[in-house]
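File shown here: start_38.txt, holding compact mmCIF, C-alpha atoms and all ligand atoms.
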# COMPACT_ATOMS: atom_id res chain seq x y z
CA MET A 113 42.10 51.86 82.09
CA GLU A 114 44.56 53.86 80.05
CA ARG A 115 45.76 53.40 76.49
CA LEU A 116 49.43 54.29 76.01
CA GLU A 117 50.48 55.16 72.48
CA ILE A 118 53.71 53.36 71.64
CA ARG A 119 54.19 53.74 67.89
CA GLN A 120 57.27 51.63 67.63
CA LYS A 121 58.31 49.16 65.00
CA VAL A 122 57.99 45.59 66.19
CA LEU A 123 61.45 44.82 64.88
CA ASN A 124 63.04 48.02 66.14
CA GLU A 125 65.79 46.10 67.93
CA ASN A 126 66.76 44.42 64.67
CA ASP A 127 66.48 47.76 62.86
CA ARG A 128 68.80 49.36 65.40
CA VAL A 129 71.50 46.71 64.93
CA ALA A 130 71.04 46.88 61.16
CA ALA A 131 71.46 50.66 61.18
CA ALA A 132 74.73 50.30 63.10
CA LEU A 133 75.93 47.71 60.58
CA ARG A 134 74.95 49.95 57.68
CA GLN A 135 76.93 52.80 59.22
CA ARG A 136 79.97 50.58 59.67
CA PHE A 137 79.73 49.27 56.09
CA ALA A 138 79.56 52.84 54.81
CA GLU A 139 82.62 53.85 56.82
CA GLN A 140 84.57 50.82 55.63
CA GLY A 141 83.39 51.15 52.04
CA THR A 142 81.81 47.70 51.97
CA ALA A 143 79.04 47.04 49.47
CA VAL A 144 76.61 44.52 50.95
CA PHE A 145 73.97 42.49 49.13
CA ASN A 146 71.32 40.28 50.70
CA PHE A 147 70.10 37.49 48.38
CA ILE A 148 66.62 36.15 48.98
CA SER A 149 64.63 33.48 47.17
CA SER A 150 62.53 30.38 47.63
CA PRO A 151 64.50 27.24 48.50
CA GLY A 152 66.45 25.99 45.51
CA SER A 153 66.15 28.97 43.15
CA GLY A 154 69.91 28.91 42.75
CA LYS A 155 71.29 31.46 45.23
CA THR A 156 74.34 29.38 46.09
CA MET A 157 75.11 28.47 42.50
CA LEU A 158 74.65 32.07 41.40
CA LEU A 159 77.09 33.18 44.09
CA GLU A 160 79.58 30.49 43.05
CA ARG A 161 79.42 31.70 39.44
CA THR A 162 79.59 35.32 40.55
CA LEU A 163 82.69 34.74 42.69
CA GLU A 164 84.44 33.18 39.67
CA ARG A 165 83.86 36.35 37.70
CA LEU A 166 84.79 39.02 40.20
CA PRO A 167 87.94 41.03 39.45
CA LEU A 168 91.14 39.72 41.03
CA GLY A 169 92.10 41.76 44.04
CA MET A 170 88.55 42.54 45.07
CA ASN A 171 88.27 41.82 48.75
CA VAL A 172 85.14 39.68 49.00
CA ALA A 173 83.48 37.71 51.80
CA VAL A 174 80.39 35.53 51.89
CA LEU A 175 77.89 34.71 54.62
CA THR A 176 75.38 32.00 53.97
CA GLY A 177 72.38 31.18 56.09
CA ASP A 178 70.99 27.70 56.36
CA ILE A 179 68.53 26.21 58.78
CA GLN A 180 70.49 23.04 59.29
CA THR A 181 73.54 22.18 57.18
CA ASP A 182 76.83 23.71 56.05
CA ASN A 183 76.63 22.37 52.49
CA ASP A 184 76.33 25.81 50.91
CA ALA A 185 79.35 27.16 52.81
CA ARG A 186 81.46 24.23 51.65
CA ARG A 187 80.41 24.85 48.04
CA LEU A 188 81.17 28.55 48.27
CA ALA A 189 84.52 28.11 50.04
CA ARG A 190 85.91 26.47 46.92
CA ALA A 191 86.26 29.90 45.33
CA GLY A 192 88.91 30.74 47.91
CA TYR A 193 87.22 33.72 49.53
CA PRO A 194 86.37 33.81 53.23
CA VAL A 195 83.01 32.15 53.84
CA GLN A 196 81.00 31.58 56.98
CA GLN A 197 77.95 29.49 57.47
CA ILE A 198 75.30 30.92 59.76
CA THR A 199 73.17 28.04 60.97
CA THR A 200 69.91 29.55 62.15
CA ALA A 201 68.79 26.54 64.17
CA GLY A 202 65.28 26.55 62.82
CA ALA A 203 64.80 30.25 62.16
CA CYS A 204 63.58 30.94 58.65
CA HIS A 205 65.61 34.11 58.13
CA LEU A 206 68.86 35.82 59.02
CA ASP A 207 68.70 38.77 61.39
CA ALA A 208 71.09 41.65 61.96
CA ARG A 209 72.54 40.18 65.17
CA MET A 210 73.60 37.04 63.33
CA ILE A 211 75.48 39.19 60.81
CA GLU A 212 77.10 41.18 63.60
CA ARG A 213 78.22 38.00 65.36
CA ALA A 214 79.58 36.46 62.17
CA LEU A 215 81.59 39.58 61.36
CA ALA A 216 83.12 39.45 64.84
CA ASN A 217 84.80 36.21 63.72
CA TRP A 218 86.75 38.25 61.17
CA PRO A 219 88.24 40.88 63.47
CA GLY A 220 89.96 43.78 61.78
CA GLU A 221 88.91 42.64 58.30
CA GLU A 222 87.41 45.16 55.92
CA PHE A 223 85.81 44.00 52.72
CA ASP A 224 84.95 45.65 49.42
CA LEU A 225 82.01 43.35 48.95
CA LEU A 226 79.99 41.21 51.32
CA LEU A 227 77.54 38.77 49.77
CA ILE A 228 74.88 37.37 52.07
CA GLU A 229 72.82 34.35 51.07
CA ASN A 230 69.67 34.38 53.17
CA VAL A 231 67.70 31.30 54.16
CA GLY A 232 65.56 29.97 51.31
CA ASN A 233 62.23 31.68 51.97
CA LEU A 234 60.48 34.54 50.18
CA VAL A 235 58.48 35.80 53.16
CA CYS A 236 60.35 36.09 56.45
CA PRO A 237 63.72 37.47 55.29
CA THR A 238 62.02 40.52 53.81
CA SER A 239 61.12 41.80 57.31
CA TYR A 240 64.68 41.69 58.65
CA ASP A 241 67.05 44.43 57.59
CA LEU A 242 70.66 43.20 57.66
CA GLY A 243 72.25 46.58 57.00
CA GLU A 244 72.61 45.69 53.34
CA GLN A 245 72.88 48.16 50.50
CA ALA A 246 70.34 46.20 48.50
CA LYS A 247 68.32 43.03 48.51
CA ILE A 248 68.46 40.85 45.40
CA ALA A 249 65.53 38.53 44.74
CA VAL A 250 66.31 35.36 42.80
CA LEU A 251 63.44 33.68 41.00
CA SER A 252 63.94 30.56 38.92
CA VAL A 253 61.90 29.79 35.85
CA THR A 254 60.55 26.59 37.40
CA GLU A 255 58.63 28.56 40.03
CA GLY A 256 55.99 30.31 37.95
CA GLU A 257 55.80 33.87 36.67
CA ASP A 258 53.22 34.91 39.28
CA LYS A 259 55.72 34.69 42.19
CA PRO A 260 56.22 38.49 42.34
CA LEU A 261 52.47 38.92 42.82
CA LYS A 262 52.28 36.21 45.46
CA TYR A 263 55.23 37.58 47.44
CA PRO A 264 55.03 41.30 46.73
CA SER A 265 57.10 42.52 49.65
CA ALA A 266 60.14 40.49 48.54
CA PHE A 267 60.08 42.10 45.11
CA PHE A 268 59.07 45.51 46.36
CA LYS A 269 62.04 45.61 48.70
CA SER A 270 64.60 44.22 46.25
CA SER A 271 66.66 46.44 43.99
CA ALA A 272 67.09 43.68 41.46
CA MET A 273 65.38 40.49 40.39
CA ILE A 274 67.42 37.70 38.86
CA LEU A 275 65.45 35.31 36.70
CA ASN A 276 67.60 32.21 37.00
CA LYS A 277 67.75 28.83 35.25
CA THR A 278 66.86 30.32 31.88
CA ASP A 279 68.53 27.28 30.28
CA LEU A 280 65.39 25.37 31.29
CA LEU A 281 63.04 27.64 29.35
CA PRO A 282 62.66 25.23 26.43
CA TRP A 283 61.25 22.64 28.84
CA VAL A 284 59.13 24.57 31.30
CA PRO A 285 56.17 26.80 30.61
CA PHE A 286 57.40 30.11 31.96
CA ASP A 287 56.55 33.47 30.49
CA CYS A 288 59.56 35.75 31.07
CA LYS A 289 57.69 38.77 29.79
CA ALA A 290 54.87 38.20 32.28
CA ALA A 291 57.37 37.65 35.10
CA ARG A 292 59.04 40.96 34.27
CA ALA A 293 55.70 42.75 34.06
CA ASN A 294 54.59 41.29 37.38
CA ALA A 295 57.80 42.39 39.08
CA ARG A 296 57.48 45.88 37.63
CA ALA A 297 53.83 46.12 38.70
CA ILE A 298 55.06 45.67 42.26
CA HIS A 299 58.27 47.67 41.88
CA PRO A 300 58.54 49.80 38.72
CA GLU A 301 62.27 50.58 39.17
CA ILE A 302 63.46 47.03 39.81
CA GLU A 303 66.50 45.95 37.77
CA ILE A 304 65.96 42.63 36.02
CA PHE A 305 68.60 40.14 34.94
CA GLU A 306 68.13 36.80 33.22
CA THR A 307 70.77 34.23 34.05
CA SER A 308 71.67 30.62 33.68
CA CYS A 309 74.27 29.25 36.04
CA THR A 310 74.76 26.21 33.83
CA SER A 311 75.06 27.81 30.37
CA GLN A 312 76.55 31.00 31.89
CA GLN A 313 74.18 33.12 29.83
CA GLY A 314 73.48 36.54 31.32
CA LEU A 315 76.05 36.22 34.09
CA ALA A 316 78.41 38.78 32.56
CA GLU A 317 75.70 41.43 32.55
CA TRP A 318 74.70 40.71 36.14
CA CYS A 319 78.32 40.77 37.36
CA GLU A 320 78.99 44.01 35.52
CA TRP A 321 76.09 45.62 37.40
CA LEU A 322 77.35 44.24 40.71
CA VAL A 323 80.95 45.36 40.17
CA ALA A 324 79.72 48.83 39.18
CA LYS A 325 77.87 49.01 42.50
CA VAL A 326 81.04 48.02 44.37
CA ASP A 327 83.13 50.58 42.48
CA ALA A 328 80.61 53.33 43.15
CA ARG A 329 80.72 52.45 46.83
CA CYS A 330 84.52 52.60 47.07
CA VAL A 331 84.69 56.08 45.54
CA ALA A 332 82.18 57.38 48.05
CA ALA A 333 84.03 55.97 51.05
CA MET B 185 57.65 30.94 60.22
CA HIS B 186 58.93 34.11 61.85
CA GLU B 187 55.69 34.99 63.66
CA MET B 188 57.17 33.52 66.87
CA GLY B 189 60.03 36.02 66.70
CA ILE B 190 57.61 38.84 66.05
CA VAL B 191 55.44 37.86 69.00
CA SER B 192 58.44 37.64 71.29
CA SER B 193 59.55 41.15 70.23
CA VAL B 194 56.03 42.41 70.93
CA LEU B 195 56.00 40.80 74.38
CA ASP B 196 59.44 42.30 75.16
CA ALA B 197 58.02 45.72 74.38
CA VAL B 198 54.99 45.08 76.58
CA HIS B 199 57.32 44.00 79.40
CA ARG B 200 59.19 47.29 79.10
CA VAL B 201 55.92 49.22 79.29
CA ALA B 202 54.95 47.23 82.40
CA GLU B 203 58.29 47.96 84.05
CA LYS B 204 57.84 51.68 83.50
CA ASN B 205 54.33 51.57 84.97
CA PRO B 206 54.58 49.71 88.27
CA GLY B 207 51.29 48.76 89.86
CA ARG B 208 49.48 48.60 86.56
CA ARG B 209 48.90 45.55 84.42
CA PRO B 210 48.98 45.44 80.59
CA SER B 211 45.60 44.10 79.45
CA LYS B 212 45.73 44.60 75.69
CA VAL B 213 48.28 45.35 73.01
CA GLY B 214 47.47 46.88 69.63
CA LEU B 215 49.50 46.07 66.51
CA ARG B 216 49.34 47.73 63.13
CA ILE B 217 50.11 45.27 60.36
CA GLY B 218 50.26 45.98 56.66
CA GLU B 219 49.14 43.70 53.87
CA TRP B 220 52.75 43.63 52.59
CA ALA B 221 54.43 43.14 55.96
CA GLY B 222 54.86 39.46 55.19
CA VAL B 223 53.06 38.37 58.33
CA ASP B 224 50.48 35.64 58.52
CA LEU B 225 47.78 36.82 60.93
CA GLU B 226 46.49 33.35 61.78
CA SER B 227 49.89 32.14 62.79
CA LEU B 228 50.62 35.42 64.58
CA ARG B 229 47.54 34.96 66.76
CA PHE B 230 48.42 31.34 67.33
CA CYS B 231 51.95 32.24 68.47
CA PHE B 232 50.61 35.04 70.65
CA ASP B 233 48.18 32.73 72.44
CA ALA B 234 50.93 30.15 72.91
CA LEU B 235 53.65 32.50 74.11
CA ALA B 236 51.91 35.23 76.13
CA PRO B 237 50.97 33.04 79.16
CA SER B 238 54.48 31.58 79.41
CA GLU B 239 55.90 35.11 79.38
CA GLY B 240 53.82 35.99 82.40
CA PHE B 241 50.86 37.61 80.61
CA ARG B 242 47.76 35.68 81.60
CA ASP B 243 45.01 37.94 80.29
CA LEU B 244 46.70 39.95 77.61
CA ASP B 245 44.53 40.53 74.55
CA LEU B 246 45.76 41.18 71.05
CA GLU B 247 44.12 43.64 68.68
CA ILE B 248 45.29 43.91 65.08
CA ASP B 249 44.69 46.94 62.92
CA TYR B 250 45.15 45.52 59.42
CA ARG B 251 46.24 48.01 56.77
CA TYR B 252 45.68 47.38 53.09
CA ARG B 253 48.23 48.37 50.51
CA GLN B 254 47.80 52.07 49.68
CA ASN B 255 49.31 54.13 46.87
CA ARG B 256 49.33 57.89 46.50
CA CYS B 257 48.79 59.50 43.10
CA GLN B 258 51.62 61.86 42.18
CA ARG B 259 49.30 63.85 39.92
CA CYS B 260 46.10 64.38 41.94
CA GLY B 261 47.25 63.35 45.41
CA LEU B 262 44.56 60.71 45.94
CA GLU B 263 45.40 57.84 48.25
CA PHE B 264 43.71 54.63 47.23
CA ARG B 265 43.74 50.95 48.06
CA VAL B 266 45.78 48.85 45.64
CA LYS B 267 43.69 45.87 44.64
CA ASP B 268 45.04 43.11 42.40
CA TYR B 269 48.30 45.06 41.99
CA GLU B 270 46.51 47.74 40.01
CA ILE B 271 48.52 50.87 40.73
CA GLN B 272 46.66 53.20 38.36
CA CYS B 273 44.91 56.11 40.08
CA PRO B 274 41.14 55.40 40.06
CA SER B 275 40.39 59.11 39.90
CA CYS B 276 42.66 60.67 37.26
CA LEU B 277 43.93 57.40 35.73
CA SER B 278 47.58 58.39 36.12
CA ASP B 279 50.06 55.50 36.40
CA ASN B 280 52.44 57.65 38.38
CA THR B 281 51.55 56.51 41.87
CA ILE B 282 53.83 55.58 44.76
CA PRO B 283 53.47 53.30 47.77
CA ALA B 284 51.96 55.09 50.75
CA GLY B 285 51.30 52.37 53.28
CA GLY B 286 50.60 48.72 53.79
CA GLU B 287 54.02 47.61 55.04
CA GLU B 288 53.47 48.49 58.68
CA LEU B 289 54.65 46.16 61.39
CA ASP B 290 54.22 48.39 64.42
CA ILE B 291 53.21 48.23 68.04
CA ALA B 292 50.60 50.97 68.18
CA TRP B 293 49.52 51.01 71.82
CA VAL B 294 49.30 49.13 75.10
CA GLU B 295 46.32 49.28 77.45
CA LEU B 296 47.01 49.33 81.18
CA GLN B 297 44.65 48.34 84.00
CA GLU B 298 44.97 49.68 87.54
N1 LIG C 401 69.45 24.06 35.14
C1 LIG C 401 69.86 24.90 36.08
N2 LIG C 401 69.99 24.49 37.35
C2 LIG C 401 70.41 25.38 38.27
C3 LIG C 401 70.72 26.72 37.94
N3 LIG C 401 71.09 27.36 39.07
C4 LIG C 401 71.02 26.46 40.07
N4 LIG C 401 70.62 25.25 39.59
C5 LIG C 401 70.40 24.01 40.35
O1 LIG C 401 69.32 24.20 41.25
C6 LIG C 401 69.53 23.48 42.45
C7 LIG C 401 69.46 24.43 43.63
O2 LIG C 401 70.51 25.38 43.54
P1 LIG C 401 71.12 26.09 44.80
O3 LIG C 401 72.18 27.01 44.32
O4 LIG C 401 71.50 25.10 45.83
O5 LIG C 401 69.82 26.90 45.31
P2 LIG C 401 69.68 27.78 46.62
O6 LIG C 401 68.76 28.88 46.28
O7 LIG C 401 71.01 28.14 47.14
O8 LIG C 401 68.96 26.76 47.61
P3 LIG C 401 68.77 26.88 49.21
O9 LIG C 401 70.04 27.44 49.77
O10 LIG C 401 68.51 25.49 49.65
O11 LIG C 401 67.61 27.79 49.39
C8 LIG C 401 70.91 22.84 42.32
O12 LIG C 401 70.70 21.52 41.91
C9 LIG C 401 71.58 23.64 41.23
O13 LIG C 401 72.52 22.89 40.53
C10 LIG C 401 70.58 27.13 36.58
O14 LIG C 401 70.81 28.27 36.19
N5 LIG C 401 70.13 26.19 35.70
MG MG C 402 71.84 27.83 49.02
ZN ZN C 403 45.23 60.71 40.40

Would you mind writing the structure in this file as structure tokens?
Ligand SMILES: Nc1nc2c(ncn2[C@@H]2O[C@H](COP(=O)(O)OP(=O)(O)OP(=O)(O)O)[C@@H](O)[C@H]2O)c(=O)[nH]1
Ligand SMILES: [Mg+2]
Ligand SMILES: [Zn+2]
Amino acid sequence: MERLEIRQKVLNENDRVAAALRQRFAEQGTAVFNFISSPGSGKTMLLERTLERLPLGMNVAVLTGDIQTDNDARRLARAGYPVQQITTAGACHLDARMIERALANWPGEEFDLLLIENVGNLVCPTSYDLGEQAKIAVLSVTEGEDKPLKYPSAFFKSSAMILNKTDLLPWVPFDCKAARANARAIHPEIEIFETSCTSQQGLAEWCEWLVAKVDARCVAA
Amino acid sequence: MHEMGIVSSVLDAVHRVAEKNPGRRPSKVGLRIGEWAGVDLESLRFCFDALAPSEGFRDLDLEIDYRYRQNRCQRCGLEFRVKDYEIQCPSCLSDNTIPAGGEELDIAWVELQE
């Protein structure tokens, strides 16, 4: 019997496709963000509100993953930007191949900003690189402030955490300070935004950060 | 549940090893999995047992080397296990420590029988 050392990442095929996507996004000057959260934290609504606030003339596209339906794509299409639904047929995450295939439906298009809404799940999507510039974790105040501790890899791998549904704070016991501290215990440099998609509070700050990332990207390209 | 996808990637890799080593049969595969890899070991084993036979591996064993979250102290260099999200260095008490392992999701080795 012989033991052969392999030392290869299990998801190296996905990583390879993701690296090619990242290269292409860099060449085309596309800033790409991958939004992850539990089901119902408000990813789609946050993207709807974000699209309303982006500067006119910014070339934006949206991909949204869903296990079964195209409801989110229909909601997002109302903003007038190109949107595609990626139905994962049961898979609990998007992978790099799905992004590659979706982009092939927009031949010749180059975007300034590509927003990707992952499938609602805080575990699986964190393992699959999509070639994004950054992951953004959305956590709503109805989920409990210990979520970052329960799902550390999601928060460790995200550049920013958005604490959403802050309009509900008067009615739910949620300690924003503890949520921030928990996220920073996992990832000291994580950016934190507090937003409400209904009252609009905090959205300006979040969008300013996002637009600054897009602008920085375009200069580099 | 993405353990099925992980198992099928593992089995693909084992198939490639088998192809490169004609006449020998893979008998065991070793994975290295970190505490923060986002993988549920129970369900990984379950998927492995379900999928391996249908992929043509009748007696393939799975061994998992589980790695706890580790941080390295930027002041004294100590590597220590992070328990309960406590990132402070247990030796010099510095808070300036950085992740140094525990996210692995690797195929470490494959054993071949003649
Ligand atoms: N009160 C309040 N409700 C919100 C807010 N953001 C989203 N919601 C509501 O929360 C529910 C879920 O929002 P979605 O945007 O569909 O959440 P999602 O994360 O896209 O959900 P999945 O795609 O199914 O994972 C909807 O009923 C939204 O109207 C918010 O800031 N405040
Ligand atoms: Mg949605
Ligand atoms: Zn130390």

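Comparing A:Ala173, A:Leu275, A:Ala266, A:Val250 by their smallest distance to chain B, the closest is A:Ala266 (using all atoms listed in the file).
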
*Dump the neighbourhood of ligand MG 402 (chain C) as an MDAnalysis selection string: all residues within 8 Å, distances computed on all atoms listed in the file.*
chainID A and resid 151:152 154:157 176:178 184 229 231:232

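Any residue of chain A with an atom no more than 6 Å from chain B counts as a contact; using only C-alpha atoms, that gives Met113, Glu114, Arg115, Leu116, Glu117, Ile118, Arg119, Gln120, Lys121, Val122, Val235, Cys236 and Ser265 of chain A.
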
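For the residues B:Phe232, B:Phe264, B:Phe241, B:Tyr252, ranking by smallest atom-to-atom distance to ligand ZN 403 (chain C) using only C-alpha atoms and all ligand atoms places B:Phe264 first.
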
*So, counting all atoms listed in the file, which residue among A:Thr162, A:Asn233, A:Gln197, A:Asn124 is closest to Glu317 in chain A?*
A:Thr162

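Coordinates place CA of Leu242 in chain A at a distance of 29.1 Å from CA of Thr278 in chain A.
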
*asked:* Can you measure CA of Ser275 in chain B to CA of Leu262 in chain B for me? One decimal in Å is fine.
replied: 7.5 Å

Show me which residues are within 8 Å of ligand ZN 403 (chain C) counting all atoms listed in the file, and format the list as an mmCIF file with C-alpha atoms, in the coordinates of the input.
data_model
loop_
_atom_site.group_PDB
_atom_site.id
_atom_site.type_symbol
_atom_site.label_atom_id
_atom_site.label_comp_id
_atom_site.auth_asym_id
_atom_site.auth_seq_id
_atom_site.Cartn_x
_atom_site.Cartn_y
_atom_site.Cartn_z
ATOM 1 C CA ARG B 256 49.330 57.890 46.500
ATOM 2 C CA CYS B 257 48.790 59.500 43.100
ATOM 3 C CA GLN B 258 51.620 61.860 42.180
ATOM 4 C CA ARG B 259 49.300 63.850 39.920
ATOM 5 C CA CYS B 260 46.100 64.380 41.940
ATOM 6 C CA GLY B 261 47.250 63.350 45.410
ATOM 7 C CA LEU B 262 44.560 60.710 45.940
ATOM 8 C CA GLN B 272 46.660 53.200 38.360
ATOM 9 C CA CYS B 273 44.910 56.110 40.080
ATOM 10 C CA PRO B 274 41.140 55.400 40.060
ATOM 11 C CA SER B 275 40.390 59.110 39.900
ATOM 12 C CA CYS B 276 42.660 60.670 37.260
ATOM 13 C CA LEU B 277 43.930 57.400 35.730
ATOM 14 C CA SER B 278 47.580 58.390 36.120
ATOM 15 C CA THR B 281 51.550 56.510 41.870
#

_Quick check, in Å to one decimal: how far apart do CA of Lys277 in chain A and CA of Thr310 in chain A lie?_
7.6 Å

*Give me the residues within 12 Å of Asn217 in chain A as a count of residues only, counting only C-alpha atoms and dropping any in the same chain fewer than 3 places off.*
13

Hey, what's within 12 Å of Gly243 in chain A if we count only C-alpha atoms and toss same-chain stuff fewer than 2 positions away? As a CSV table (one decimal) with C-alpha atoms, in the coordinates of the input, please?
chain,number,residue,atom,x,y,z
A,126,ASN,CA,66.8,44.4,64.7
A,127,ASP,CA,66.5,47.8,62.9
A,128,ARG,CA,68.8,49.4,65.4
A,129,VAL,CA,71.5,46.7,64.9
A,130,ALA,CA,71.0,46.9,61.2
A,131,ALA,CA,71.5,50.7,61.2
A,132,ALA,CA,74.7,50.3,63.1
A,133,LEU,CA,75.9,47.7,60.6
A,134,ARG,CA,75.0,50.0,57.7
A,135,GLN,CA,76.9,52.8,59.2
A,136,ARG,CA,80.0,50.6,59.7
A,137,PHE,CA,79.7,49.3,56.1
A,138,ALA,CA,79.6,52.8,54.8
A,142,THR,CA,81.8,47.7,52.0
A,143,ALA,CA,79.0,47.0,49.5
A,144,VAL,CA,76.6,44.5,51.0
A,145,PHE,CA,74.0,42.5,49.1
A,146,ASN,CA,71.3,40.3,50.7
A,206,LEU,CA,68.9,35.8,59.0
A,207,ASP,CA,68.7,38.8,61.4
A,208,ALA,CA,71.1,41.6,62.0
A,209,ARG,CA,72.5,40.2,65.2
A,210,MET,CA,73.6,37.0,63.3
A,211,ILE,CA,75.5,39.2,60.8
A,212,GLU,CA,77.1,41.2,63.6
A,226,LEU,CA,80.0,41.2,51.3
A,227,LEU,CA,77.5,38.8,49.8
A,228,ILE,CA,74.9,37.4,52.1
A,240,TYR,CA,64.7,41.7,58.6
A,241,ASP,CA,67.0,44.4,57.6
A,245,GLN,CA,72.9,48.2,50.5
A,246,ALA,CA,70.3,46.2,48.5
A,247,LYS,CA,68.3,43.0,48.5

*From A:Val174, A:Cys309, A:Ile298, A:Ala316, residue lying nearest Val266 in chain B [all atoms listed in the file]*: A:Ile298

As lines of an AutoDock Vina configuration file: centre and edge lengths in Å, one decimal, of the axis-aligned box holding range 257-260 of chain A with 5 Å per side:
center_x = 54.7
center_y = 36.2
center_z = 39.5
size_x = 13.0
size_y = 14.6
size_z = 15.7

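Across A:Pro300, A:Gly169, A:Pro282, A:Gly141, the tightest approach to ligand LIG 401 (chain C) is made by A:Pro282 when counting only C-alpha atoms and all ligand atoms.
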
*Between A:Leu159, A:Lys262, A:Leu123, A:Ser270, which has the minimum distance to ligand LIG 401 (chain C) (counting all atoms listed in the file)?*
A:Leu159
